[in-house]
Every structure is written in C-alpha cells, then in structure tokens.
Amino acid sequence: MDFRLLGPFEARHEGRTVEVGSRRQERCLLGLLLLDPGRVVPTDRLVDLLWNGRPPASARATVQTYIGRLRAALHPYGVRIDTGGEGYRVDVTGHRVDVDEFGELVRAAGAVADPAERVRLLDRGLALWRGPLLADAADGDLRDRLRGTVEELRLVAVELRAEARLALGQHAPVIAELMPAATRHPTREQLLAVLMTALYRGGRRADALRLYRATRDLLAADFGVEPGPRLREVHRRVVAGDDRLDRIGRPMYEVRVRDESLPWSVGGHPALDFCNTLAGWGLVSPLPGAEWLRGYRTLAVWAGHVGLADEAAVSRLLHLARRDPDTAERVLAEARTLRAALRACLVDPADRRAFDAVARAAEVAARALVFRREGDGRGRWWIDLAAGLRLPLHAAAFSGAQLLADPTRLTVRACPDERCGWLFLDESGLRRWCSLGTCGGTPCRGA
C-alpha cells in the first residue's frame with residue numbers, strides 16, 4: 001500500500017486508488033494513526049483531535065466503529081490496526097507512507113556534503129507535497145495542531161535546498177522560491193539569511209538591506225528582540241561587501257535540522273560526531289562556529305538526527321526544556337563535560353581517568369535503557385522517556401561506551417592541525433589527515 005498524507009488523503013495499491021473510509025472522519029482517523037506508525041495513539045488523543053476538544057458523548061464508540069471499518073478495508077492489503085493499551089496502532093511494515101519517506105529524504109540530504117546530490121534528494125522529497133497535510137480530511141484547526149513537526153521539516157528542506165543551490169551558483173531561482181516563503185514566514189531568520197545572500201549575489205544589495213531592516217523592525221515590534229547572530233552576520237557582510245557572501249562552490253560541513261546547526265557527520269559513528277566541532281578543538285580561544293553545543297535544544301535535535309532518539313522524543317524534550325530551562329542548562333553542562341572525556345579517551349587510549357568518567361556516565365545510562373521492538377521486527381535499545389531532559393546525555397554516554405567497547409575505536413584518528421581536530425574512523429590505517437578542504441570556513445593545513 002502507498003499512503004499519501006501530504007495533500008489530499010490517498011491510499012493506493014499497485015498504482016490504483018483504494019477506497020478507504022467512506023466518511024471524512026474515518027480517513028482523518030487513519031491519517032492520524034499513519035502520522036505515528038508503529039506506535040500506540042491513545043484513544044483520548046484521537047477523540048480530542050477528531051472533535052477538536054469538543055467530543056460528543058458517543059465519541060469513543062464512534063472511534064471503535066471507524067476502526068472496525070478501517071480494519072475491514074485494509075485487511076486485504078496486509079495493513080493491520082492493532083489495539084494496544086489505551087489506543088490503536090497501525091502496522092505499515094512493508095508499506096509506504098509519504099510523510100516517512102519525506103523525513104528520510106530530508107535526513108539523507110542533511111548528511112551529504114555534495115550540494116548537487118543534496119538538491120536531488122530534496123527535490124524528490126518536496127515533490128511529495130501535493131497540498132496541505134490531509135487537505136481533504138482535516139479541517140484548518142486540526143491541521144494547525146498536527147502539522148507542526150511536518151511543516152517545520154518542510155521549511156528546513158526548503159532552506160537546505162536553497163543553501164545547496166546557492167553553493168551551485170543558482171541565486172536567481174533561490175530568490176524566486178524564497179520571496180513568497182519570506183512573506184509567509186517573516187520572522188524565520190534562517191530562511192531570511194539565505195534570501196539576503198541570494199539577493200546580494202544577484203546584484204540586489206539594496207533589496208537585501210531593506211529585507212533586513214523590515215525583519216529587524218518586525219522582531220522588535222512583535223517580540224522586543226534583535227535579529228539573531230546568523231542574520232546579523234549576513235547583514236554585516238552585505239554592508240561591508242564581504243566577498244565571502246559571493247563565493248560559490250564551497251564545501252558544506254554544516255547540517256541544519258529544526259533550524260539548529262549540527263556538526264557534519266564525518267566520523268561514521270554518533271559518538272565521534274558528538275565529539276566533532278566545526279573547527280578549532282586545539283585552540284585556547286576556539287574559532288567562530290567551533291562550539292556546536294550552543295544550547296540544550298541543539299543537543300536534543302542532534303540526538304534525534306543521529307538516531308539516538310526518535311522524533312517524538314525530541315519534540316517532548318524541546319517542550320520540557322522550555323518548561324524547565326535551569327535543568328536543561330545543567331544537563332547541557334554535563335554533556336559538554338562528557339564530550340571532553342570521551343574525546344580524550346578516543347585521542348589517547350591510555351587516558352584512564354577519562355575512560356573512568358565515560359564508564360560512570362555509561363553505567364548511569366544503562367539503568368535507563370529499554371529494549372523496544374521496531375516496525376521491521378528487530379529489537380533495539382533506547383533510553384527510556386522517563387529519563388526526561390537527561391535522555392540525550394544518557395544516549396550520548398551509551399553510544400560512547402559502545403564505541404569504546406568496539407575494536408574499531410583503535411582506528412580513530414584526529415587531524416593534527418590545531419585549528420581542526422576532527423575525529424574519524426580509518427580502518428585502512430593509511431590516512432594521517434582528515435582530508436577536509438576546510439573546517440568551519442578556515443582552510444585546514446592537514447587536508
């Protein structure tokens with residue numbers, strides 16, 4: 001089966017449309033389950049969403065009736081809806097859901113350095129969108145409640161593709177695409193920074209400056225804040241006529257997920273990516289951009305990006321961090337300490353003090369592990385959601401312990417350039433340098 005939620009709801013089998021759900025609410029119910037495949041969606045949540053917080057007395061019985069009809073319609077195609085706990089779970093093993101395919105393409109694009117390949121992957125992903133989420137099954141209020149994560153990922157995809165096209169020198173189509181998007185999202189600073197860069201490269205410096213002034217005024221009027229550092233830096237370079245805004249074909253060693261800048265994956269293992277920075281491990285005063293763990297939000301998003309936490313867990317962590325910023329900051333400080341100890345272990349296997357620090361963190365993490373069955377039938381260890389804000393810290397510690405227990409840790413190399421310090425696996429035993437052309441915008445002597 002091929003389920004399409006990015007636009008009008010569609011269910012297809014071998015290229016032919018299959019009628020699933022004679023009522024709009026039935027299709028909407030199936031869409032809600034497909035947005036969270038393989039996991040139990042509580043009945044109370046389904047009722048709340050289907051009736052927008054104002055359910056009739058018969059709502060739960062109506063949901064049971066809808067589930068029965070959907071089961072009958074999907075059974076011939078091998079799609080099961082199971083009852084689990086206090087809700088329902090749809091098993092789509094062996095089937096396709098466009099929302100999941102879109103997420104996989106965006107994540108794959110974020111992990112590649114070649115801008116042409118990034119554009120190709122994102123073009124495929126964005127082509128899956130045929131209209132608003134569940135366009136004919138959900139009303140406007142429900143769509144507003146549902147589309148947060150999916151819509152955020154779509155905007156990230158648009159931004160990533162625009163940045164990749166700028167790297168290929170295609171500023172004109174970037175301007176055409178981002179101008180309408182900037183009107184709809186006038187305070188999305190990442191999008192505006194890319195658009196300002198495209199305008200500058202297109203010889204429209206005055207337009208870029210006007211866009212910045214309008215954004216600054218809007219942020220001040222609505223939120224009482226100044227633009228963030230990324231947008232201010234682009235503005236400074238436009239004013240100064242900095243040629244770095246006009247340089248194309250630069251390697252892209254930064255991944256942006258949920259509008260967070262994460263280190264480019266060069267190590268081949270999440271624990272190595274945790275240790276890597278954009279530049280400057282060896283400097284007393286790191287180069288600009290060296291510290292990727294700028295805030296707890298970045299730590300949580302990184303854990304989801306490298307597969308140490310699922311998207312639902314990341315969303316919950318971001319919510320908890322907003323509610324309890326003090327605890328989030330303490331966890332972030334512990335994560336930085338763990339990162340330093342783990343890197344010391346990997347650079348110097350004889351550093352017993354650093355090894356013991358990682359071991360203690362891993363022992364604590366192990367007590368928070370749960371073994372969970374995945375959609376493909378395989379099992380996997382995850383950090384329990386009960387760990388709360390410490391979940392990504394425990395995940396990083398457990399991942400680090402797995403690498404330290406693996407013989408491949410003896411093949412870890414560090415670029416000797418003091419301005420770089422990237423860690424990578426070298427199972428061939430031949431590479432002495434990181435082979436990166438640049439690290440965080442600074443030429444690497446080791447490359």
# chains A, B, ... in the order shown; residues from 1 in each chain; ligands from 1
>>> residues_around(residues="Arg39 in chain A", least_positions_apart="3", cutoff="9 Å", atoms="only C-alpha atoms", output="list in words")
Leu33, Asp36, Gly84, Tyr88, Arg89, Val90, Asp91 and Gly375 of chain A
>>> residues_around(residues="Leu74 in chain A", least_positions_apart="5", cutoff="8 Å", atoms="only C-alpha atoms", output="mmCIF file with C-alpha atoms, in the first residue's frame")
data_model
loop_
_atom_site.group_PDB
_atom_site.id
_atom_site.type_symbol
_atom_site.label_atom_id
_atom_site.label_comp_id
_atom_site.auth_asym_id
_atom_site.auth_seq_id
_atom_site.Cartn_x
_atom_site.Cartn_y
_atom_site.Cartn_z
ATOM 1 C CA VAL A 20 -10.567 3.555 2.478
ATOM 2 C CA VAL A 79 -2.279 -3.490 6.767
ATOM 3 C CA ARG A 80 -3.149 -4.123 10.407
#
>>> closest_residue(among="A:Gly68, A:Gly388, A:Pro186, A:Gly53", to="Leu218 in chain A", atoms="only C-alpha atoms")
A:Pro186
>>> select_by_dssp(residues="range 110-322 of chain A", states="strand (DSSP E or B)", output="list in words")
Leu133, Glu254, Val255, Arg256, Val257, Glu260, Ser261, Leu262 and Pro263 of chain A
>>> closest_residue(among="A:Thr183, A:Thr327, A:Thr337, A:Gln25", to="Thr62 in chain A", atoms="only C-alpha atoms")
A:Gln25
>>> residues_around(residues="Asp356 in chain A", least_positions_apart="3", cutoff="12 Å", atoms="only C-alpha atoms", output="list of chain:residue names")
A:Leu338, A:Ala341, A:Leu342, A:Ala344, A:Cys345, A:Pro349, A:Ala350, A:Asp351, A:Arg352, A:Arg353, A:Ala359, A:Arg360, A:Ala361, A:Ala362, A:Glu363, A:Ala397, A:Ala401, A:Leu404
>>> residues_around(residues="Ala157 in chain A", least_positions_apart="4", cutoff="7 Å", atoms="only C-alpha atoms", output="ChimeraX atom specification")
/A:106,122,153,161
>>> write_last_selection(atoms="all heavy atoms", output="PDB file, in the first residue's frame")
ATOM      1  N   VAL A 106      14.883  14.078   3.685  1.00  0.00           N
ATOM      2  CA  VAL A 106      15.460  15.297   4.278  1.00  0.00           C
ATOM      3  C   VAL A 106      16.658  14.943   5.137  1.00  0.00           C
ATOM      4  O   VAL A 106      17.700  15.619   5.083  1.00  0.00           O
ATOM      5  CB  VAL A 106      14.407  16.066   5.088  1.00  0.00           C
ATOM      6  CG1 VAL A 106      15.043  17.278   5.781  1.00  0.00           C
ATOM      7  CG2 VAL A 106      13.273  16.534   4.186  1.00  0.00           C
ATOM      8  N   LEU A 122      16.417  16.563  -2.006  1.00  0.00           N
ATOM      9  CA  LEU A 122      15.372  17.461  -1.514  1.00  0.00           C
ATOM     10  C   LEU A 122      14.304  17.719  -2.570  1.00  0.00           C
ATOM     11  O   LEU A 122      13.126  17.899  -2.237  1.00  0.00           O
ATOM     12  CB  LEU A 122      15.991  18.773  -1.047  1.00  0.00           C
ATOM     13  CG  LEU A 122      16.874  18.635   0.207  1.00  0.00           C
ATOM     14  CD1 LEU A 122      17.648  19.910   0.475  1.00  0.00           C
ATOM     15  CD2 LEU A 122      16.037  18.255   1.422  1.00  0.00           C
ATOM     16  N   LEU A 153       9.699  20.511   9.196  1.00  0.00           N
ATOM     17  CA  LEU A 153      10.637  19.752   8.375  1.00  0.00           C
ATOM     18  C   LEU A 153      10.581  20.221   6.927  1.00  0.00           C
ATOM     19  O   LEU A 153      11.603  20.253   6.233  1.00  0.00           O
ATOM     20  CB  LEU A 153      10.325  18.259   8.477  1.00  0.00           C
ATOM     21  CG  LEU A 153      11.409  17.301   7.958  1.00  0.00           C
ATOM     22  CD1 LEU A 153      12.707  17.511   8.716  1.00  0.00           C
ATOM     23  CD2 LEU A 153      10.956  15.858   8.094  1.00  0.00           C
ATOM     24  N   ARG A 161      17.669  23.174   0.631  1.00  0.00           N
ATOM     25  CA  ARG A 161      17.780  23.174  -0.836  1.00  0.00           C
ATOM     26  C   ARG A 161      18.256  24.528  -1.336  1.00  0.00           C
ATOM     27  O   ARG A 161      19.090  24.605  -2.253  1.00  0.00           O
ATOM     28  CB  ARG A 161      16.439  22.812  -1.471  1.00  0.00           C
ATOM     29  CG  ARG A 161      16.526  22.746  -3.006  1.00  0.00           C
ATOM     30  CD  ARG A 161      15.255  22.230  -3.629  1.00  0.00           C
ATOM     31  NE  ARG A 161      14.139  23.133  -3.428  1.00  0.00           N
ATOM     32  CZ  ARG A 161      12.926  22.954  -3.974  1.00  0.00           C
ATOM     33  NH1 ARG A 161      12.701  21.875  -4.707  1.00  0.00           N
ATOM     34  NH2 ARG A 161      11.949  23.801  -3.753  1.00  0.00           N
TER      35      ARG A 161
END
>>> residues_around(residues="Glu260 in chain A", least_positions_apart="4", cutoff="12 Å", atoms="only C-alpha atoms", output="number ranges by chain")
A: 110, 152-153, 156, 159-160, 189-190, 230, 254-256, 292-305
>>> closest_residue(among="A:Thr408, A:Gln64, A:Gln170, A:Ser22", to="Leu46 in chain A", atoms="only C-alpha atoms")
A:Gln64
>>> atom_distance(atom1="CA of His185 in chain A", atom2="CA of Asp141 in chain A")
18.9 Å
>>> select_by_dssp(residues="range 29-156 of chain A", states="helix (DSSP H, G or I)", output="PyMOL selection string")
chain A and resi 29-34+43-50+59-77+98-110+115-126+140-146+148-156
>>> atom_distance(atom1="CA of Ser399 in chain A", atom2="CA of Pro270 in chain A")
6.8 Å
>>> residues_around(residues="Val174 in chain A", least_positions_apart="6", cutoff="9 Å", atoms="only C-alpha atoms", output="list in words")
Arg161, Ala162, Glu163, Arg165, Leu166, Val194, Leu195, Ala198 and Leu199 of chain A
>>> write_last_selection(atoms="N, CA, C and O atoms", output="PDB file, in the first residue's frame")
ATOM      1  N   ARG A 161      17.669  23.174   0.631  1.00  0.00           N
ATOM      2  CA  ARG A 161      17.780  23.174  -0.836  1.00  0.00           C
ATOM      3  C   ARG A 161      18.256  24.528  -1.336  1.00  0.00           C
ATOM      4  O   ARG A 161      19.090  24.605  -2.253  1.00  0.00           O
ATOM      5  N   ALA A 162      17.750  25.610  -0.747  1.00  0.00           N
ATOM      6  CA  ALA A 162      18.170  26.943  -1.170  1.00  0.00           C
ATOM      7  C   ALA A 162      19.664  27.144  -0.928  1.00  0.00           C
ATOM      8  O   ALA A 162      20.380  27.684  -1.777  1.00  0.00           O
ATOM      9  N   GLU A 163      20.152  26.706   0.237  1.00  0.00           N
ATOM     10  CA  GLU A 163      21.582  26.835   0.528  1.00  0.00           C
ATOM     11  C   GLU A 163      22.413  26.028  -0.452  1.00  0.00           C
ATOM     12  O   GLU A 163      23.465  26.487  -0.916  1.00  0.00           O
ATOM     13  N   ARG A 165      21.566  25.213  -3.518  1.00  0.00           N
ATOM     14  CA  ARG A 165      21.522  25.847  -4.838  1.00  0.00           C
ATOM     15  C   ARG A 165      22.399  27.097  -4.868  1.00  0.00           C
ATOM     16  O   ARG A 165      22.995  27.424  -5.911  1.00  0.00           O
ATOM     17  N   LEU A 166      22.516  27.793  -3.743  1.00  0.00           N
ATOM     18  CA  LEU A 166      23.458  28.918  -3.693  1.00  0.00           C
ATOM     19  C   LEU A 166      24.886  28.416  -3.886  1.00  0.00           C
ATOM     20  O   LEU A 166      25.697  29.071  -4.565  1.00  0.00           O
ATOM     21  N   VAL A 194      19.348  33.202   4.095  1.00  0.00           N
ATOM     22  CA  VAL A 194      19.635  32.630   2.780  1.00  0.00           C
ATOM     23  C   VAL A 194      19.125  33.560   1.682  1.00  0.00           C
ATOM     24  O   VAL A 194      19.806  33.790   0.672  1.00  0.00           O
ATOM     25  N   LEU A 195      17.925  34.113   1.879  1.00  0.00           N
ATOM     26  CA  LEU A 195      17.364  35.016   0.871  1.00  0.00           C
ATOM     27  C   LEU A 195      18.216  36.277   0.736  1.00  0.00           C
ATOM     28  O   LEU A 195      18.462  36.747  -0.382  1.00  0.00           O
ATOM     29  N   ALA A 198      21.170  35.419  -1.341  1.00  0.00           N
ATOM     30  CA  ALA A 198      20.816  35.270  -2.752  1.00  0.00           C
ATOM     31  C   ALA A 198      20.614  36.642  -3.411  1.00  0.00           C
ATOM     32  O   ALA A 198      21.050  36.870  -4.552  1.00  0.00           O
ATOM     33  N   LEU A 199      19.955  37.548  -2.707  1.00  0.00           N
ATOM     34  CA  LEU A 199      19.748  38.888  -3.254  1.00  0.00           C
ATOM     35  C   LEU A 199      21.083  39.592  -3.484  1.00  0.00           C
ATOM     36  O   LEU A 199      21.295  40.245  -4.519  1.00  0.00           O
TER      37      LEU A 199
END
>>> residues_around(residues="Met196 in chain A", least_positions_apart="3", cutoff="8 Å", atoms="only C-alpha atoms", output="list in words")
Leu192, Ala193, Leu199, Tyr200, Ala208, Leu209, Leu211, Tyr212, Val234 and His235 of chain A
>>> closest_residue(among="A:Ala386, A:Val158, A:Leu391, A:Val92", to="Leu318 in chain A", atoms="only C-alpha atoms")
A:Leu391
>>> decode(residues="range 326-358 of chain A", atoms="N, CA and C atoms", output="CSV table (one decimal), in the first residue's frame")
chain,number,residue,atom,x,y,z
A,326,ASP,N,16.4,25.7,33.6
A,326,ASP,CA,17.5,25.6,34.5
A,326,ASP,C,18.1,24.1,34.5
A,327,THR,N,17.2,23.2,34.5
A,327,THR,CA,17.6,21.8,34.4
A,327,THR,C,18.3,21.5,33.1
A,328,ALA,N,17.7,22.1,32.0
A,328,ALA,CA,18.2,21.9,30.7
A,328,ALA,C,19.7,22.4,30.6
A,329,GLU,N,19.9,23.5,31.3
A,329,GLU,CA,21.3,24.1,31.3
A,329,GLU,C,22.3,23.2,32.0
A,330,ARG,N,21.8,22.6,33.1
A,330,ARG,CA,22.7,21.7,33.9
A,330,ARG,C,23.0,20.4,33.1
A,331,VAL,N,22.0,19.9,32.4
A,331,VAL,CA,22.3,18.7,31.5
A,331,VAL,C,23.2,19.1,30.4
A,332,LEU,N,23.1,20.3,29.8
A,332,LEU,CA,24.0,20.7,28.8
A,332,LEU,C,25.4,20.8,29.3
A,333,ALA,N,25.6,21.3,30.5
A,333,ALA,CA,27.0,21.4,31.0
A,333,ALA,C,27.5,20.0,31.2
A,334,GLU,N,26.7,19.0,31.7
A,334,GLU,CA,27.2,17.7,31.9
A,334,GLU,C,27.5,17.0,30.5
A,335,ALA,N,26.8,17.4,29.5
A,335,ALA,CA,27.0,16.9,28.2
A,335,ALA,C,28.4,17.4,27.6
A,336,ARG,N,28.7,18.6,27.9
A,336,ARG,CA,30.0,19.1,27.4
A,336,ARG,C,31.1,18.5,28.2
A,337,THR,N,30.9,18.2,29.5
A,337,THR,CA,32.0,17.5,30.3
A,337,THR,C,32.2,16.1,29.7
A,338,LEU,N,31.0,15.4,29.5
A,338,LEU,CA,31.1,14.1,28.9
A,338,LEU,C,31.8,14.1,27.6
A,339,ARG,N,31.5,15.1,26.7
A,339,ARG,CA,32.1,15.1,25.4
A,339,ARG,C,33.7,15.3,25.5
A,340,ALA,N,34.1,16.1,26.5
A,340,ALA,CA,35.6,16.3,26.6
A,340,ALA,C,36.2,15.0,27.1
A,341,ALA,N,35.6,14.3,28.0
A,341,ALA,CA,36.2,13.0,28.5
A,341,ALA,C,36.2,12.0,27.4
A,342,LEU,N,35.1,11.9,26.6
A,342,LEU,CA,35.0,10.9,25.5
A,342,LEU,C,36.1,11.2,24.5
A,343,ARG,N,36.3,12.5,24.1
A,343,ARG,CA,37.3,12.8,23.1
A,343,ARG,C,38.7,12.5,23.6
A,344,ALA,N,38.9,12.7,24.9
A,344,ALA,CA,40.2,12.4,25.5
A,344,ALA,C,40.5,10.8,25.4
A,345,CYS,N,39.4,10.0,25.6
A,345,CYS,CA,39.6,8.6,25.5
A,345,CYS,C,40.0,8.2,24.1
A,346,LEU,N,39.3,8.8,23.1
A,346,LEU,CA,39.5,8.4,21.7
A,346,LEU,C,40.8,8.9,21.2
A,347,VAL,N,41.3,10.1,21.7
A,347,VAL,CA,42.6,10.6,21.2
A,347,VAL,C,43.7,9.9,21.9
A,348,ASP,N,43.6,9.5,23.2
A,348,ASP,CA,44.6,8.9,24.0
A,348,ASP,C,44.0,7.7,24.7
A,349,PRO,N,44.1,6.5,24.1
A,349,PRO,CA,43.5,5.3,24.7
A,349,PRO,C,44.1,5.0,26.1
A,350,ALA,N,45.2,5.6,26.5
A,350,ALA,CA,45.8,5.3,27.8
A,350,ALA,C,45.3,6.2,28.8
A,351,ASP,N,44.4,7.1,28.5
A,351,ASP,CA,43.9,8.1,29.5
A,351,ASP,C,42.8,7.4,30.3
A,352,ARG,N,43.3,6.8,31.5
A,352,ARG,CA,42.3,6.0,32.3
A,352,ARG,C,41.3,6.9,33.0
A,353,ARG,N,41.7,8.1,33.4
A,353,ARG,CA,40.8,9.0,34.1
A,353,ARG,C,39.6,9.3,33.2
A,354,ALA,N,39.9,9.7,32.0
A,354,ALA,CA,38.8,10.0,31.0
A,354,ALA,C,38.0,8.8,30.8
A,355,PHE,N,38.6,7.6,30.6
A,355,PHE,CA,37.8,6.3,30.4
A,355,PHE,C,36.9,6.1,31.6
A,356,ASP,N,37.4,6.3,32.8
A,356,ASP,CA,36.5,6.1,34.0
A,356,ASP,C,35.4,7.0,34.0
A,357,ALA,N,35.6,8.3,33.6
A,357,ALA,CA,34.5,9.3,33.6
A,357,ALA,C,33.4,8.8,32.6
A,358,VAL,N,33.8,8.4,31.4
A,358,VAL,CA,32.8,7.9,30.4
A,358,VAL,C,32.1,6.6,31.0
